[in-house]
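So this block is run38.cif, mmCIF, C-alpha atoms:
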```
data_entry
loop_
_atom_site.label_atom_id
_atom_site.label_comp_id
_atom_site.auth_asym_id
_atom_site.auth_seq_id
_atom_site.Cartn_x
_atom_site.Cartn_y
_atom_site.Cartn_z
CA MET A 1 -11.89 -8.15 35.41
CA LYS A 2 -8.99 -10.58 35.28
CA ASN A 3 -11.27 -13.41 34.23
CA THR A 4 -12.78 -11.23 31.52
CA LEU A 5 -9.37 -10.31 30.11
CA ARG A 6 -8.28 -13.95 30.32
CA ASN A 7 -11.34 -15.03 28.34
CA VAL A 8 -10.80 -12.28 25.79
CA PHE A 9 -7.18 -13.23 25.10
CA HIS A 10 -8.10 -16.91 25.01
CA SER A 11 -10.24 -16.17 21.96
CA PRO A 12 -8.19 -17.22 18.89
CA ARG A 13 -9.89 -14.67 16.64
CA PHE A 14 -9.34 -11.76 19.00
CA LEU A 15 -5.73 -12.80 19.62
CA LEU A 16 -4.94 -13.05 15.90
CA GLY A 17 -6.54 -9.68 15.19
CA PHE A 18 -4.77 -8.10 18.16
CA VAL A 19 -1.36 -9.41 17.02
CA ILE A 20 -1.86 -8.11 13.47
CA PHE A 21 -3.04 -4.70 14.67
CA MET A 22 -0.21 -4.35 17.20
CA ALA A 23 2.36 -5.31 14.55
CA ILE A 24 1.05 -2.51 12.33
CA LEU A 25 0.95 -0.05 15.24
CA LEU A 26 4.48 -0.87 16.41
CA THR A 27 5.79 -0.47 12.86
CA VAL A 28 4.19 2.96 12.67
CA LEU A 29 5.73 3.97 16.01
CA ILE A 30 9.23 2.49 15.60
CA TYR A 31 10.00 3.01 11.90
CA PRO A 32 10.42 6.85 12.12
CA TYR A 33 13.29 6.37 14.61
CA PHE A 34 15.29 4.51 11.96
CA VAL A 35 14.23 6.48 8.87
CA THR A 36 14.00 10.15 9.78
CA ARG A 37 13.56 11.80 6.38
CA ASP A 38 10.36 13.58 5.42
CA PRO A 39 7.90 11.04 3.93
CA LEU A 40 6.88 13.65 1.33
CA LEU A 41 10.47 14.36 0.28
CA SER A 42 10.95 13.79 -3.46
CA LEU A 43 13.96 11.58 -4.21
CA GLY A 44 13.62 11.55 -7.97
CA LYS A 45 11.16 11.77 -10.83
CA GLY A 46 8.44 9.29 -11.56
CA PHE A 47 7.99 5.70 -10.46
CA LEU A 48 11.16 3.83 -9.47
CA SER A 49 10.85 0.08 -8.98
CA PRO A 50 11.90 -1.52 -5.66
CA GLY A 51 15.63 -2.08 -5.28
CA THR A 52 18.95 -0.59 -4.16
CA TYR A 53 20.12 2.50 -6.02
CA VAL A 54 23.83 3.37 -6.02
CA SER A 55 25.32 6.68 -7.15
CA VAL A 56 27.22 6.05 -10.38
CA TYR A 57 29.41 9.06 -9.65
CA ASP A 58 30.41 7.78 -6.19
CA ALA A 59 30.78 4.19 -7.41
CA ASN A 60 33.21 5.45 -10.05
CA ASN A 61 35.43 6.87 -7.30
CA ALA A 62 35.19 3.87 -4.96
CA THR A 63 37.92 1.25 -4.55
CA ALA A 64 37.69 -1.52 -7.16
CA TYR A 65 38.11 -5.20 -6.25
CA ARG A 66 38.69 -8.09 -8.64
CA VAL A 67 35.87 -10.66 -8.54
CA ASP A 68 35.50 -13.44 -11.12
CA LEU A 69 31.88 -14.54 -11.33
CA PRO A 70 31.39 -17.59 -13.56
CA GLU A 71 28.03 -16.38 -14.90
CA ALA A 72 28.91 -12.69 -15.26
CA ASP A 73 29.17 -12.75 -19.08
CA ALA A 74 25.89 -14.62 -19.46
CA LYS A 75 24.11 -12.18 -17.18
CA ARG A 76 25.53 -9.18 -19.06
CA LEU A 77 24.32 -10.65 -22.33
CA GLU A 78 20.90 -11.36 -20.82
CA ALA A 79 20.65 -7.77 -19.55
CA SER A 80 21.81 -6.33 -22.87
CA LEU A 81 19.07 -8.10 -24.84
CA PRO A 82 15.74 -6.48 -24.00
CA ALA A 83 12.44 -8.00 -25.06
CA SER A 84 12.37 -5.92 -28.26
CA ASP A 85 15.70 -7.41 -29.44
CA ARG A 86 14.53 -10.91 -28.64
CA VAL A 87 11.34 -10.34 -30.61
CA THR A 88 13.45 -9.16 -33.56
CA MET A 89 15.54 -12.33 -33.33
CA ILE A 90 12.45 -14.55 -33.36
CA GLU A 91 10.94 -12.59 -36.28
CA PHE A 92 14.11 -13.04 -38.32
CA LEU A 93 14.37 -16.74 -37.53
CA THR A 94 10.68 -17.17 -38.36
CA ALA A 95 11.12 -15.37 -41.69
CA LYS A 96 14.11 -17.58 -42.55
CA SER A 97 12.21 -20.70 -41.49
CA GLU A 98 9.31 -19.78 -43.77
CA ALA A 99 11.71 -19.10 -46.63
CA LYS A 100 14.00 -22.12 -46.25
CA GLY A 101 12.39 -24.33 -43.63
CA ASP A 102 15.60 -25.19 -41.81
CA VAL A 103 14.93 -23.46 -38.46
CA ASP A 104 13.13 -25.28 -35.62
CA LEU A 105 11.50 -22.69 -33.33
CA THR A 106 9.62 -25.17 -31.16
CA GLY A 107 9.42 -23.92 -27.57
CA ILE A 108 11.33 -20.70 -28.33
CA ASP A 109 10.07 -17.45 -26.80
CA VAL A 110 11.46 -14.21 -25.29
CA SER A 111 11.70 -15.50 -21.71
CA ASP A 112 15.02 -15.69 -19.87
CA GLU A 113 14.62 -19.47 -19.54
CA ASN A 114 14.82 -19.91 -23.32
CA LEU A 115 17.40 -17.20 -24.00
CA ASP A 116 20.31 -19.64 -24.35
CA ALA A 117 18.39 -21.70 -26.92
CA LEU A 118 17.41 -18.55 -28.81
CA ILE A 119 21.01 -17.32 -28.93
CA GLU A 120 22.23 -20.73 -30.08
CA LEU A 121 19.66 -20.71 -32.93
CA TRP A 122 20.75 -17.19 -33.88
CA ARG A 123 24.41 -18.11 -34.01
CA SER A 124 23.61 -21.19 -36.08
CA HIS A 125 21.37 -19.50 -38.65
CA TYR A 126 22.37 -15.86 -38.92
CA ASP A 127 24.79 -15.10 -41.74
CA GLU A 128 25.33 -11.54 -42.94
CA GLN A 129 25.99 -12.53 -46.53
CA ASP A 130 22.93 -14.76 -46.61
CA VAL A 131 20.74 -11.97 -45.27
CA ARG A 132 22.03 -9.55 -47.90
CA LYS A 133 21.33 -11.99 -50.73
CA SER A 134 18.06 -13.56 -49.58
CA LYS A 135 16.29 -10.38 -48.41
CA TYR A 136 13.89 -12.18 -46.09
CA PRO A 137 10.40 -10.65 -45.64
CA GLY A 138 10.56 -7.87 -43.07
CA PHE A 139 14.33 -7.53 -43.42
CA SER A 140 14.74 -6.46 -47.03
CA THR A 141 15.83 -2.85 -46.51
CA MET A 142 19.33 -1.67 -45.73
CA ALA A 143 18.24 -0.20 -42.38
CA GLN A 144 16.67 -3.49 -41.30
CA ARG A 145 19.74 -5.48 -42.33
CA ASN A 146 22.00 -3.05 -40.47
CA GLY A 147 19.81 -3.51 -37.41
CA LEU A 148 20.36 -7.27 -37.60
CA LYS A 149 24.08 -6.67 -38.03
CA ARG A 150 24.25 -4.54 -34.88
CA LEU A 151 22.23 -7.13 -32.99
CA ASP A 152 24.64 -9.87 -34.09
CA ARG A 153 27.61 -7.83 -32.89
CA LYS A 154 25.93 -7.37 -29.53
CA ILE A 155 25.36 -11.13 -29.22
CA ASN A 156 28.74 -12.31 -30.52
CA GLY A 157 30.87 -9.46 -29.25
CA SER A 158 33.70 -10.72 -27.08
CA SER A 159 32.95 -10.14 -23.39
CA ALA A 160 36.26 -11.64 -22.28
CA GLY A 161 38.58 -8.87 -21.24
CA LEU A 162 35.75 -6.36 -21.52
CA VAL A 163 37.00 -2.89 -20.49
CA MET A 164 35.81 0.71 -20.42
CA THR A 165 37.59 3.98 -19.81
CA VAL A 166 36.31 6.33 -17.10
CA THR A 167 37.52 9.52 -15.45
CA ARG A 168 38.12 9.53 -11.71
CA GLY A 169 38.71 12.46 -9.42
CA GLU A 170 37.91 16.13 -9.86
CA GLY A 171 39.71 19.18 -11.17
CA GLU A 172 43.48 18.86 -11.45
CA ASP A 173 43.39 15.47 -9.70
CA ALA A 174 41.15 13.94 -12.35
CA GLY A 175 42.63 11.09 -14.35
CA THR A 176 41.57 8.47 -16.86
CA VAL A 177 41.58 4.85 -15.71
CA THR A 178 40.52 1.56 -17.24
CA VAL A 179 37.70 -0.43 -15.64
CA ASN A 180 37.67 -4.16 -16.36
CA GLY A 181 34.65 -6.41 -16.46
CA THR A 182 35.94 -8.12 -13.32
CA ASP A 183 36.13 -4.89 -11.26
CA TYR A 184 33.57 -4.61 -8.47
CA VAL A 185 32.91 -2.13 -5.67
CA LYS A 186 31.42 -2.66 -2.20
CA VAL A 187 28.06 -1.01 -1.76
CA SER A 188 29.06 -0.13 1.80
CA GLU A 189 32.02 1.86 0.45
CA VAL A 190 29.90 3.91 -1.93
CA SER A 191 29.14 7.26 -0.33
CA ASN A 192 25.57 7.53 -1.61
CA ALA A 193 23.35 4.49 -1.91
CA ILE A 194 19.73 3.99 -0.92
CA THR A 195 17.54 0.93 -0.64
CA LEU A 196 13.90 1.44 -1.60
CA PRO A 197 12.03 -1.75 -0.62
CA LEU A 198 8.83 -0.43 -2.23
CA GLY A 199 10.34 1.92 -4.80
CA THR A 200 8.97 5.43 -5.23
CA ASP A 201 5.59 6.87 -6.19
CA ASN A 202 4.78 9.20 -9.07
CA PHE A 203 6.36 12.13 -7.21
CA GLY A 204 9.59 10.23 -6.55
CA ARG A 205 8.85 9.77 -2.83
CA ASP A 206 9.94 6.69 -0.89
CA THR A 207 6.79 4.55 -0.92
CA LEU A 208 7.61 2.61 2.26
CA THR A 209 8.33 5.72 4.34
CA GLU A 210 5.23 7.38 2.93
CA LEU A 211 3.14 4.26 3.60
CA VAL A 212 4.21 4.07 7.26
CA LYS A 213 3.40 7.75 7.78
CA ALA A 214 0.10 7.42 5.92
CA THR A 215 -0.87 4.40 8.03
CA GLY A 216 -0.26 6.38 11.21
CA VAL A 217 -2.33 9.33 9.96
CA SER A 218 -5.18 7.04 8.85
CA LEU A 219 -5.15 5.32 12.24
CA ILE A 220 -5.42 8.73 13.92
CA ILE A 221 -8.35 9.61 11.65
CA GLY A 222 -9.99 6.29 12.49
CA LEU A 223 -9.46 6.72 16.23
CA ILE A 224 -10.83 10.28 16.28
CA ALA A 225 -13.76 9.41 14.04
CA GLY A 226 -14.48 6.26 16.04
CA THR A 227 -14.34 8.14 19.34
CA VAL A 228 -16.66 10.91 18.12
CA ALA A 229 -19.14 8.50 16.55
CA THR A 230 -19.16 6.22 19.60
CA LEU A 231 -19.59 9.07 22.09
CA LEU A 232 -22.39 10.65 20.06
CA GLY A 233 -24.13 7.34 19.50
CA LEU A 234 -23.68 6.32 23.13
CA THR A 235 -25.04 9.62 24.47
CA VAL A 236 -28.04 9.68 22.14
CA GLY A 237 -28.80 6.00 22.73
CA LEU A 238 -28.56 6.27 26.53
CA LEU A 239 -30.78 9.34 26.75
CA ALA A 240 -33.32 8.11 24.21
CA GLY A 241 -33.51 4.63 25.70
CA TYR A 242 -33.68 5.59 29.38
CA VAL A 243 -35.64 8.86 29.39
CA GLY A 244 -38.02 7.94 26.58
CA GLY A 245 -41.02 10.12 25.82
CA TRP A 246 -40.64 13.28 23.76
CA LEU A 247 -36.85 13.18 24.09
CA ASP A 248 -36.76 9.69 22.61
CA ASP A 249 -39.05 10.77 19.76
CA THR A 250 -36.93 13.85 19.01
CA LEU A 251 -33.61 12.04 19.05
CA MET A 252 -34.92 9.17 16.95
CA PHE A 253 -36.43 11.65 14.49
CA ILE A 254 -32.97 13.16 14.02
CA ALA A 255 -31.49 9.68 13.68
CA ASN A 256 -34.11 8.82 11.06
CA LEU A 257 -33.11 11.88 9.04
CA PHE A 258 -29.54 10.61 8.96
CA THR A 259 -30.82 7.15 8.05
CA VAL A 260 -32.96 8.32 5.12
CA ILE A 261 -30.02 10.08 3.47
CA PRO A 262 -27.25 7.56 2.65
CA GLY A 263 -24.41 8.13 5.09
CA PHE A 264 -21.65 8.32 2.50
CA VAL A 265 -23.61 10.77 0.34
CA LEU A 266 -24.20 12.96 3.41
CA LEU A 267 -20.51 12.71 4.25
CA ILE A 268 -19.54 13.85 0.74
CA LEU A 269 -21.96 16.78 0.82
CA ILE A 270 -20.80 18.03 4.20
CA TYR A 271 -17.11 17.54 3.49
CA PHE A 272 -17.31 19.14 0.06
CA SER A 273 -19.06 22.21 1.49
CA ILE A 274 -16.16 22.77 3.92
CA GLY A 275 -13.73 23.68 1.15
CA GLN A 276 -10.29 22.30 0.43
CA ALA A 277 -8.48 24.93 2.52
CA ALA A 278 -10.13 23.63 5.71
CA ARG A 279 -9.77 19.92 4.97
CA GLY A 280 -7.26 18.92 7.57
CA VAL A 281 -6.83 15.54 9.22
CA THR A 282 -8.81 16.53 12.32
CA THR A 283 -11.62 18.07 10.26
CA CYS A 284 -11.84 14.94 8.14
CA ALA A 285 -12.07 12.74 11.24
CA LEU A 286 -14.69 14.95 12.91
CA VAL A 287 -16.92 15.02 9.82
CA ILE A 288 -16.70 11.23 9.46
CA GLY A 289 -17.49 10.77 13.17
CA CYS A 290 -20.44 13.18 13.08
CA THR A 291 -22.06 11.25 10.22
CA SER A 292 -21.44 7.71 11.53
CA TRP A 293 -23.13 7.63 14.95
CA VAL A 294 -26.65 6.57 13.94
CA TRP A 295 -26.38 2.77 14.04
CA THR A 296 -24.50 2.93 17.35
CA ALA A 297 -27.25 5.12 18.84
CA ARG A 298 -30.01 2.77 17.69
CA SER A 299 -28.25 -0.30 19.02
CA VAL A 300 -27.45 1.32 22.39
CA ARG A 301 -31.04 2.55 22.68
CA SER A 302 -32.41 -0.96 22.20
CA GLN A 303 -30.02 -2.29 24.86
CA VAL A 304 -30.98 0.45 27.34
CA ILE A 305 -34.72 -0.11 26.82
CA SER A 306 -34.23 -3.75 27.86
CA LEU A 307 -32.34 -2.61 31.01
CA ARG A 308 -34.27 0.41 32.28
CA ASN A 309 -36.95 -1.62 34.07
CA ARG A 310 -34.59 -4.09 35.74
CA ASP A 311 -34.83 -4.42 39.52
CA HIS A 312 -31.50 -2.79 40.27
CA VAL A 313 -32.41 0.23 38.11
CA ASN A 314 -35.80 0.60 39.80
CA LEU A 315 -34.08 0.37 43.19
CA SER A 316 -31.78 3.23 42.21
CA LYS A 317 -34.78 5.30 41.17
CA LEU A 318 -36.49 4.68 44.51
CA SER A 319 -33.27 5.59 46.29
CA GLY A 320 -33.41 9.03 44.66
CA HIS A 321 -30.23 8.68 42.63
CA SER A 322 -29.67 11.21 39.85
CA LEU A 323 -30.16 10.47 36.18
CA PHE A 324 -26.41 10.70 35.56
CA ARG A 325 -25.60 8.23 38.33
CA ILE A 326 -28.24 5.73 37.26
CA ILE A 327 -27.00 5.77 33.66
CA THR A 328 -23.30 5.58 34.54
CA THR A 329 -23.47 3.03 37.37
CA ASP A 330 -26.54 0.90 36.71
CA ILE A 331 -26.85 0.82 32.92
CA LEU A 332 -23.53 1.67 31.27
CA PRO A 333 -21.51 -1.19 32.88
CA TYR A 334 -23.96 -3.72 31.40
CA ILE A 335 -23.44 -2.46 27.86
CA ALA A 336 -19.73 -1.63 28.17
CA SER A 337 -18.67 -4.68 26.16
CA TYR A 338 -21.02 -3.70 23.35
CA VAL A 339 -19.69 -0.13 23.40
CA VAL A 340 -16.13 -1.42 23.03
CA MET A 341 -17.15 -3.56 20.05
CA ALA A 342 -19.00 -0.62 18.50
CA PHE A 343 -15.90 1.55 18.94
CA ILE A 344 -13.70 -1.00 17.16
CA LEU A 345 -16.08 -1.13 14.22
CA GLN A 346 -16.32 2.66 14.12
CA VAL A 347 -12.52 2.93 13.91
CA SER A 348 -12.46 0.52 10.98
CA SER A 349 -15.34 2.37 9.29
CA GLY A 350 -13.56 5.71 9.78
CA ILE A 351 -10.40 4.48 8.05
CA LEU A 352 -12.41 3.08 5.13
CA ALA A 353 -14.48 6.28 4.87
CA GLU A 354 -11.34 8.42 4.62
CA ALA A 355 -9.98 6.13 1.91
CA GLN A 356 -13.23 6.48 -0.04
CA LEU A 357 -13.24 10.27 0.29
CA SER A 358 -9.63 10.55 -0.80
CA LEU A 359 -10.22 8.34 -3.83
CA LEU A 360 -12.86 10.86 -4.90
CA GLY A 361 -10.40 13.72 -4.44
CA LEU A 362 -12.04 14.96 -1.22
CA GLY A 363 -9.33 13.89 1.20
CA PRO A 364 -7.21 16.06 3.51
CA ARG A 365 -4.90 18.71 2.02
CA THR A 366 -2.23 16.97 -0.04
CA THR A 367 0.55 19.37 1.00
CA ASP A 368 0.48 18.42 4.69
CA VAL A 369 0.53 14.69 5.38
CA PRO A 370 -0.20 11.53 3.41
CA THR A 371 -3.02 9.14 4.17
CA LEU A 372 -3.76 5.69 2.80
CA GLY A 373 -6.62 7.10 0.74
CA LEU A 374 -4.46 9.88 -0.69
CA MET A 375 -1.80 7.37 -1.73
CA MET A 376 -4.48 5.40 -3.58
CA ASN A 377 -5.70 8.61 -5.20
CA TRP A 378 -2.20 9.57 -6.38
CA ALA A 379 -1.57 6.09 -7.76
CA MET A 380 -4.88 6.18 -9.65
CA LEU A 381 -4.33 9.71 -11.03
CA TYR A 382 -0.91 8.80 -12.41
CA SER A 383 -2.03 5.41 -13.82
CA ALA A 384 0.12 3.22 -11.61
CA HIS A 385 -2.36 0.38 -12.16
CA THR A 386 -1.90 0.50 -15.94
CA ASN A 387 1.85 1.06 -16.24
CA GLY A 388 2.82 -1.84 -13.98
CA SER A 389 3.85 0.21 -10.92
CA TRP A 390 2.21 -2.19 -8.47
CA TRP A 391 4.32 -0.97 -5.54
CA ALA A 392 2.49 2.38 -5.60
CA TYR A 393 -0.94 0.91 -4.78
CA PHE A 394 -0.81 -2.78 -3.82
CA PRO A 395 0.95 -2.25 -0.43
CA VAL A 396 -1.67 0.42 0.37
CA ILE A 397 -4.53 -1.95 -0.44
CA LEU A 398 -2.85 -4.68 1.63
CA THR A 399 -2.40 -2.31 4.61
CA ILE A 400 -6.05 -1.18 4.53
CA THR A 401 -7.12 -4.81 4.27
CA LEU A 402 -4.96 -5.91 7.20
CA ILE A 403 -6.19 -3.07 9.43
CA SER A 404 -9.85 -3.77 8.67
CA PHE A 405 -9.33 -7.52 8.93
CA SER A 406 -7.57 -7.26 12.31
CA LEU A 407 -10.21 -4.92 13.79
CA ASN A 408 -13.05 -7.10 12.58
CA LEU A 409 -11.33 -10.20 13.96
CA MET A 410 -11.00 -8.47 17.34
CA ASN A 411 -14.67 -7.50 17.24
CA THR A 412 -15.74 -11.04 16.36
CA GLY A 413 -13.59 -12.43 19.16
CA LEU A 414 -15.14 -10.04 21.69
CA ASP A 415 -18.60 -10.98 20.45
CA GLN A 416 -17.84 -14.64 21.06
CA VAL A 417 -16.73 -13.87 24.61
CA PHE A 418 -19.57 -11.55 25.64
CA ASN A 419 -22.48 -12.95 23.64
CA PRO A 420 -23.80 -16.08 25.42
CA THR A 421 -25.48 -17.40 22.27
CA LEU A 422 -22.11 -17.58 20.47
CA ARG A 423 -20.13 -19.29 23.22
CA ASP A 424 -18.95 -22.83 22.61
#
```
Once more with this new file: its structure as structure tokens, please.
Amino acid sequence: MKNTLRNVFHSPRFLLGFVIFMAILLTVLIYPYFVTRDPLLSLGKGFLSPGTYVSVYDANNATAYRVDLPEADAKRLEASLPASDRVTMIEFLTAKSEAKGDVDLTGIDVSDENLDALIELWRSHYDEQDVRKSKYPGFSTMAQRNGLKRLDRKINGSSAGLVMTVTRGEGEDAGTVTVNGTDYVKVSEVSNAITLPLGTDNFGRDTLTELVKATGVSLIIGLIAGTVATLLGLTVGLLAGYVGGWLDDTLMFIANLFTVIPGFVLLILIYFSIGQAARGVTTCALVIGCTSWVWTARSVRSQVISLRNRDHVNLSKLSGHSLFRIITTDILPYIASYVVMAFILQVSSGILAEAQLSLLGLGPRTTDVPTLGLMMNWAMLYSAHTNGSWWAYFPVILTITLISFSLNLMNTGLDQVFNPTLRD
């Protein structure tokens, strides 16, 4: 046994897969001790991008510190000029260049890298009187010229000594104070601040907390489904392969029925007939397991057929040992490594099957717990893939990929250890 374990963990593929899987499992187990809030708790409305969110109300009442950042004004200007304003600037400069030909727009675009050059061109070529007289194409109306005027004020407005007036305190203690552009607050001193490494989903729920919980639930589904499928396949394969005769024909006839109907179609039909009210996590896992045992049964049967006439099995028969003892002591130990590999693949298949069902809207009840498939379904329903909310679906895809990749690596590593034809 020690030599076997040593050989297994000396396999680079198995070791890599084991490390990845254990990292995911430990994250699922440890994370809830640090973040205890409900993963389905809504923190806001709609998709929020990853970042740290600070309460403006509490920040207003926090202690202010003077900090002079050399690039503060440039960053404020950069933040105050969205892409639409930059497009307007380029359109105006282009119109003036076409009219007078004195503006060089080579290499100018709306990116942050070229913002300084764009602002310099604007300051050099924008003149309110000239715009009023020339009436450049696209900027001939009063509203358009006023828009350019407001944009110029935003660009050339003095940021030195920038101040705003805010009210601090509540009730009778409230008072008006001036906040300078050099006033900063410590995030640690703000009463309410939250860091969302993966933002929020369409329901305003913390994506990272939801992802960790969903990963744990999907692993449970995979383990239950893998256990059920492996036990069913192992039992059917052992009985069919060792007993043979009419029992073998009957069991293989049932297996053939499952083979003729595509497994995923059969899974959809059975799961849909259950009804949404009964679609819990355990039910989902059991249905997946009960429709995934066929290939395990066939493979085990072929292994048992090659073992049932071995000398040690015949000796057990002559000794009068029971069917149960012969199967468990003389046959099962010889296929134990294959059973373990089949179980690993069944776990991976169970997780993928749940994700497929949930994408079709047939997953577990959405009001109970999240799963990786349900998170994908929610992201798809609310168009996260089209509105740029990558954090709502990409981490889920990556997690499913890592789980499947790690389990398949472990299976390949075990195959290299136990299959003589694959050994170096």
Which residues come within 10 Å of stretch 296-305 of chain A, counting all atoms listed in the file, excluding same-chain residues fewer than 5 positions away, as a ChimeraX atom specification? /A:229-244,248,251-252,255-256,310,327,331-332,334-335,338-339,342-343,345-346
Give as a ChimeraX atom specification the residues that the PyMOL selection byres ((chain A and resi 110) around 10) matches when applied to the coordinates above. /A:81-90,108-109,111-115,118
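Atom CA of A:Ile351 sits 5.9 Å away from atom CA of A:Ser218.
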Out of A:Phe272, A:Phe47, A:Trp295, A:Tyr184, which residue has the shortest atom-to-atom distance to A:Trp391 when counting all atoms listed in the file?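 Counting all atoms listed in the file, the residue closest to A:Trp391 is A:Phe47.
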Using the chain letters and numbering of this document, enumerate as a PyMOL selection string the residues selected by the PyMOL selection byres ((chain A and resi 228) around 9). chain A and resi 223-227+229-233+285-286+288-290+292-293
Closest to A:Arg205 among A:Phe18, A:Tyr271, A:Trp378, A:Phe418, using all atoms listed in the file? A:Trp378
Kindly resolve the PyMOL selection byres ((chain A and resi 95) around 12) on the present coordinates and return the residues as a ChimeraX atom specification. /A:88-94,96-105,125-126,131,134-140
Could you give me the centre and size, in Å to one decimal, of an axis-aligned box around all listed atoms of stretch 124-127 of chain A with 8 Å added on every side, as lines of an AutoDock Vina configuration file?
```
center_x = 23.1
center_y = -18.1
center_z = -38.9
size_x = 19.4
size_y = 22.1
size_z = 21.7
```
Please determine, counting all atoms listed in the file, which residue among A:Leu77, A:Val187, A:Ile344, A:Leu48 has the shortest atom-to-atom distance to A:Ala62.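 That would be A:Val187, the residue with the smallest distance to A:Ala62.
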Output stretch 264-275 of chain A as a PDB file, in the coordinates of the input, making sure N, CA and C atoms are there.
```pdb
ATOM      1  N   PHE A 264     -22.811   7.898   3.268  1.00  0.00           N
ATOM      2  CA  PHE A 264     -21.650   8.320   2.500  1.00  0.00           C
ATOM      3  C   PHE A 264     -21.965   9.540   1.644  1.00  0.00           C
ATOM      4  N   VAL A 265     -23.200   9.594   1.120  1.00  0.00           N
ATOM      5  CA  VAL A 265     -23.610  10.770   0.340  1.00  0.00           C
ATOM      6  C   VAL A 265     -23.634  11.997   1.244  1.00  0.00           C
ATOM      7  N   LEU A 266     -24.181  11.849   2.453  1.00  0.00           N
ATOM      8  CA  LEU A 266     -24.200  12.960   3.410  1.00  0.00           C
ATOM      9  C   LEU A 266     -22.786  13.387   3.772  1.00  0.00           C
ATOM     10  N   LEU A 267     -21.899  12.418   3.932  1.00  0.00           N
ATOM     11  CA  LEU A 267     -20.510  12.710   4.250  1.00  0.00           C
ATOM     12  C   LEU A 267     -19.853  13.515   3.129  1.00  0.00           C
ATOM     13  N   ILE A 268     -20.105  13.131   1.878  1.00  0.00           N
ATOM     14  CA  ILE A 268     -19.540  13.850   0.740  1.00  0.00           C
ATOM     15  C   ILE A 268     -20.063  15.280   0.688  1.00  0.00           C
ATOM     16  N   LEU A 269     -21.368  15.447   0.888  1.00  0.00           N
ATOM     17  CA  LEU A 269     -21.960  16.780   0.820  1.00  0.00           C
ATOM     18  C   LEU A 269     -21.396  17.706   1.892  1.00  0.00           C
ATOM     19  N   ILE A 270     -21.308  17.204   3.106  1.00  0.00           N
ATOM     20  CA  ILE A 270     -20.800  18.030   4.200  1.00  0.00           C
ATOM     21  C   ILE A 270     -19.324  18.347   3.989  1.00  0.00           C
ATOM     22  N   TYR A 271     -18.551  17.339   3.626  1.00  0.00           N
ATOM     23  CA  TYR A 271     -17.110  17.540   3.490  1.00  0.00           C
ATOM     24  C   TYR A 271     -16.778  18.428   2.303  1.00  0.00           C
ATOM     25  N   PHE A 272     -17.552  18.299   1.227  1.00  0.00           N
ATOM     26  CA  PHE A 272     -17.310  19.140   0.060  1.00  0.00           C
ATOM     27  C   PHE A 272     -17.632  20.600   0.363  1.00  0.00           C
ATOM     28  N   SER A 273     -18.662  20.842   1.171  1.00  0.00           N
ATOM     29  CA  SER A 273     -19.060  22.210   1.490  1.00  0.00           C
ATOM     30  C   SER A 273     -18.028  22.919   2.371  1.00  0.00           C
ATOM     31  N   ILE A 274     -17.169  22.165   3.045  1.00  0.00           N
ATOM     32  CA  ILE A 274     -16.160  22.770   3.920  1.00  0.00           C
ATOM     33  C   ILE A 274     -15.123  23.534   3.109  1.00  0.00           C
ATOM     34  N   GLY A 275     -14.774  23.039   1.951  1.00  0.00           N
ATOM     35  CA  GLY A 275     -13.730  23.680   1.150  1.00  0.00           C
ATOM     36  C   GLY A 275     -12.382  23.035   1.386  1.00  0.00           C
TER      37      GLY A 275
END
```
